[in-house]
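Chemist: Structure: my_file_7.txt, compact mmCIF, C-alpha atoms.
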```
# COMPACT_ATOMS: atom_id res chain seq x y z
CA MET V 1 4.15 9.72 39.47
CA HIS V 2 5.04 6.03 39.24
CA VAL V 3 2.16 5.45 36.78
CA GLN V 4 3.44 8.24 34.53
CA ARG V 5 6.80 6.51 34.21
CA LEU V 6 5.12 3.28 33.10
CA ILE V 7 2.98 5.06 30.53
CA LEU V 8 5.93 6.98 29.10
CA GLY V 9 8.20 3.93 29.08
CA PHE V 10 5.71 1.56 27.39
CA PRO V 11 5.87 3.06 23.84
CA LEU V 12 9.65 3.10 24.02
CA LEU V 13 9.71 -0.60 24.92
CA MET V 14 7.45 -1.38 21.95
CA LEU V 15 9.79 0.36 19.52
CA VAL V 16 13.08 -1.18 20.67
CA GLY V 17 12.69 -4.70 19.22
CA CYS V 18 11.72 -3.90 15.63
CA GLN V 19 13.08 -0.46 15.01
CA THR V 20 15.99 0.00 12.62
CA ILE V 21 18.75 2.54 13.17
CA GLY V 22 20.37 4.55 10.41
CA GLY V 23 18.34 2.92 7.61
CA GLU V 24 20.03 -0.45 8.04
CA SER V 25 18.18 -3.63 7.09
CA MET V 26 16.19 -5.54 9.70
CA PRO V 27 18.28 -7.90 11.84
CA SER V 28 17.93 -11.66 11.42
CA LEU V 29 17.38 -12.07 15.19
CA THR V 30 15.53 -9.96 17.73
CA ARG V 31 16.53 -9.69 21.36
CA THR V 32 14.19 -12.54 22.25
CA GLY V 33 13.89 -14.77 19.19
CA ALA V 34 13.91 -15.39 15.46
CA VAL V 35 12.49 -13.32 12.61
CA LYS V 36 9.81 -15.02 10.49
CA ASP V 37 9.19 -13.46 7.07
CA VAL V 38 5.75 -13.41 5.43
CA ILE V 39 6.06 -12.61 1.72
CA ILE V 40 3.11 -10.89 0.03
CA ARG V 41 2.78 -11.56 -3.71
CA ASP V 42 -0.35 -12.90 -5.44
CA ALA V 43 -0.75 -14.94 -2.25
CA VAL V 44 0.67 -14.69 1.27
CA ASP V 45 3.50 -17.14 1.96
CA PRO V 46 3.21 -18.66 4.46
CA THR V 47 -0.46 -18.11 5.32
CA SER V 48 0.08 -19.69 8.74
CA VAL V 49 3.12 -18.84 10.88
CA MET V 50 4.16 -20.52 14.14
CA VAL V 51 6.32 -18.41 16.46
CA ASN V 52 7.40 -18.21 20.08
CA PRO V 53 6.66 -15.19 22.29
CA GLY V 54 9.11 -12.44 21.38
CA ASP V 55 9.76 -13.71 17.84
CA GLU V 56 9.34 -11.06 15.16
CA ILE V 57 6.93 -11.50 12.25
CA ARG V 58 7.94 -9.35 9.27
CA TRP V 59 5.59 -8.77 6.32
CA ILE V 60 7.34 -7.94 3.03
CA ASN V 61 5.29 -6.56 0.13
CA LYS V 62 6.61 -7.96 -3.16
CA ARG V 63 3.57 -6.81 -5.18
CA GLN V 64 3.67 -3.88 -7.59
CA GLY V 65 0.99 -1.95 -5.66
CA ALA V 66 0.39 -1.08 -2.03
CA VAL V 67 -1.22 -3.50 0.44
CA ARG V 68 -2.59 -3.25 3.98
CA VAL V 69 -1.96 -5.83 6.69
CA VAL V 70 -5.01 -5.53 8.96
CA PHE V 71 -5.78 -6.93 12.43
CA LEU V 72 -9.40 -6.34 13.46
CA ASN V 73 -9.11 -7.51 17.08
CA PRO V 74 -7.50 -5.32 19.75
CA MET V 75 -3.92 -6.47 20.22
CA THR V 76 -1.69 -3.62 21.34
CA GLU V 77 -1.48 -4.98 24.90
CA ASN V 78 0.02 -8.24 23.53
CA LEU V 79 2.83 -6.58 21.56
CA THR V 80 6.46 -6.34 22.62
CA CYS V 81 7.58 -4.57 19.44
CA GLN V 82 6.07 -3.01 16.34
CA ARG V 83 7.36 -1.19 13.25
CA ASN V 84 5.18 0.60 10.66
CA PHE V 85 1.88 -0.53 12.26
CA GLY V 86 -0.91 1.70 13.55
CA GLY V 87 -0.91 5.46 13.83
CA PRO V 88 1.31 7.57 16.07
CA MET V 89 3.01 5.35 18.66
CA GLY V 90 1.25 2.29 17.25
CA PHE V 91 -2.31 3.07 18.33
CA LEU V 92 -5.44 2.08 16.39
CA THR V 93 -5.93 3.88 13.10
CA LYS V 94 -9.64 3.64 12.21
CA ARG V 95 -12.68 1.55 13.11
CA ASN V 96 -10.69 -0.54 15.61
CA GLU V 97 -8.25 -1.59 12.89
CA TYR V 98 -4.61 -2.08 13.73
CA SER V 99 -2.90 -1.99 10.36
CA ALA V 100 0.17 -1.26 8.28
CA LYS V 101 0.13 0.16 4.76
CA LEU V 102 3.04 -1.19 2.72
CA GLY V 103 4.17 0.12 -0.63
CA SER V 104 6.07 -2.15 -3.00
CA ASN V 105 9.17 -3.62 -1.27
CA GLU V 106 8.25 -2.07 2.09
CA THR V 107 8.09 -4.01 5.38
CA ALA V 108 6.30 -3.93 8.72
CA SER V 109 6.92 -6.05 11.84
CA LEU V 110 5.28 -7.16 15.08
CA CYS V 111 6.40 -9.20 18.10
CA PHE V 112 3.82 -10.86 20.38
CA ARG V 113 4.17 -11.39 24.14
CA ASP V 114 1.54 -14.01 25.03
CA PRO V 115 0.72 -17.45 23.54
CA GLY V 116 -2.42 -17.67 21.42
CA GLU V 117 -3.69 -17.36 17.87
CA VAL V 118 -4.04 -14.12 15.93
CA LYS V 119 -5.79 -13.73 12.59
CA TYR V 120 -5.15 -10.99 10.05
CA VAL V 121 -6.07 -10.03 6.49
CA VAL V 122 -3.88 -8.66 3.71
CA ARG V 123 -5.94 -6.26 1.56
CA ALA V 124 -4.59 -5.70 -1.93
CA GLU V 125 -5.86 -4.10 -5.12
CA SER V 126 -7.11 -6.62 -7.65
CA ALA V 127 -8.71 -6.00 -11.05
CA SER V 128 -10.15 -9.54 -11.11
CA HIS V 129 -12.10 -9.31 -7.80
CA PRO V 130 -15.44 -7.55 -7.30
CA GLY V 131 -14.92 -4.14 -5.73
CA GLY V 132 -11.31 -4.10 -6.92
CA GLU V 133 -9.91 -5.45 -3.65
CA GLU V 134 -8.67 -8.89 -2.64
CA ASN V 135 -8.59 -10.07 0.99
CA ILE V 136 -6.01 -12.75 1.79
CA ALA V 137 -6.35 -14.32 5.25
CA GLY V 138 -3.42 -15.28 7.47
CA THR V 139 -2.89 -16.76 10.93
CA ILE V 140 -0.15 -16.38 13.54
CA SER V 141 0.13 -19.10 16.21
CA ILE V 142 2.15 -17.91 19.19
CA GLY V 143 3.33 -20.90 21.21
CA SER V 144 4.87 -21.18 24.63
CA GLU V 145 8.65 -20.78 24.88
CA ASP V 146 8.67 -23.83 27.18
CA LEU V 147 7.31 -26.03 24.38
CA ALA V 148 10.13 -25.01 22.02
CA ARG V 149 12.89 -26.19 24.35
```
Let's see the structure in the file written out as structure tokens.
Modeler:
Amino acid sequence: MHVQRLILGFPLLMLVGCQTIGGESMPSLTRTGAVKDVIIRDAVDPTSVMVNPGDEIRWINKRQGAVRVVFLNPMTENLTCQRNFGGPMGFLTKRNEYSAKLGSNETASLCFRDPGEVKYVVRAESASHPGGEENIAGTISIGSEDLAR
């Protein structure tokens, strides 16, 4: 019975940090840290983001068309919050991808628990690239909260 409570409580914990209520805009601070915006246009700015555990990384699509922010490595156990990523309750969508599809001016967010480095790719339509798709790489460096003090 105790295990069931942990399993049921885990998805709720993941949704608390990034979820908006009543359609309001995202807050400028999470419960544990700052919000770092990654703007997606012709490029991703910044391509490398340094955060502390608990900080929120928010991707904002400023392109005309839809994009996907894709993480290929398993990561759900390292998340403390997520918004608009994955399938139902934030689980993997396909082929081990953990991703968010963003239309123009849409956002998605993640918060990481443990220090380390995480790589992702933004996939966007592009008439000038072979296959009609451009892949823009990005990196998130999650530091130790002790180092920031």
Chemist: Which one is closest to V:Ile136: V:Pro46, V:Asn84, V:Arg63, V:Val121? Count all atoms listed in the file.
Modeler: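 Once distances to V:Ile136 are computed over all atoms listed in the file, the minimum belongs to V:Val121.
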Chemist: Report the distance between atom CA of V:Val51 and atom CA of V:Pro74 in Å, rounded to one decimal place.
Modeler: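 If I compute the distance from atom CA of V:Val51 to atom CA of V:Pro74, I get 19.3 Å.
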Chemist: Atom CA of V:Thr76 and atom CA of V:Ile57 are how many Å apart?
Modeler: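 Separation between atom CA of V:Thr76 and atom CA of V:Ile57: 14.8 Å.
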Chemist: With a distance cut-off of 8 Å and all atoms listed in the file, select the neighbouring residues of V:Glu125, excluding the residue or stretch itself and same-chain residues fewer than 4 positions from it, and output the selection as a list in words.
Modeler: Gly65, Ala66, Val67, Gly132, Glu133 and Glu134 of chain V
Chemist: Which of these residues is nearest to V:Thr107, using all atoms listed in the file: V:Arg83, V:Thr139, V:Ala34, V:Gln64?
Modeler: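 So, comparing all the options, the nearest one is V:Arg83.
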Chemist: Using all atoms listed in the file, determine which residues lie at most 9 Å from V:Arg113, disregarding the query and same-chain residues fewer than 6 positions distant; provide the list as JSON, numbers by chain.
Modeler: {"V": [52, 53, 54, 55, 77, 78, 79, 80, 81, 142]}
Chemist: Just write the chosen residues, C-alpha atoms, as a tab-separated table (two decimals), in the coordinates of the input.
Modeler:
```tsv
chain	number	residue	atom	x	y	z
V	52	ASN	CA	7.40	-18.21	20.08
V	53	PRO	CA	6.66	-15.19	22.29
V	54	GLY	CA	9.11	-12.44	21.38
V	55	ASP	CA	9.76	-13.71	17.84
V	77	GLU	CA	-1.48	-4.98	24.90
V	78	ASN	CA	0.02	-8.24	23.53
V	79	LEU	CA	2.83	-6.58	21.56
V	80	THR	CA	6.46	-6.34	22.62
V	81	CYS	CA	7.58	-4.57	19.44
V	142	ILE	CA	2.15	-17.91	19.19
```
Chemist: State, in Å with one decimal place, the distance from atom CA of V:Arg68 to atom CA of V:Ser144.
Modeler: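 Between these atoms lies a distance of 28.3 Å.
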Chemist: Box along x, y and z, 5 Å on every side, all listed atoms of stretch 125-138 of chain V inside: centre and edge lengths in Å to one decimal, as lines of an AutoDock Vina configuration file.
Modeler:
```
center_x = -9.4
center_y = -9.7
center_z = -1.8
size_x = 22.0
size_y = 21.2
size_z = 28.6
```
Chemist: With all atoms listed in the file as the basis for distance, which of V:Arg41, V:Arg58, V:His129, V:Lys119 is at the shortest distance from V:Ala100?
Modeler: V:Arg58
Chemist: Nearest to V:Thr47: which of V:Ala127, V:Val35, V:Ala137, V:Val69 is it, counting all atoms listed in the file?
Modeler: V:Ala137
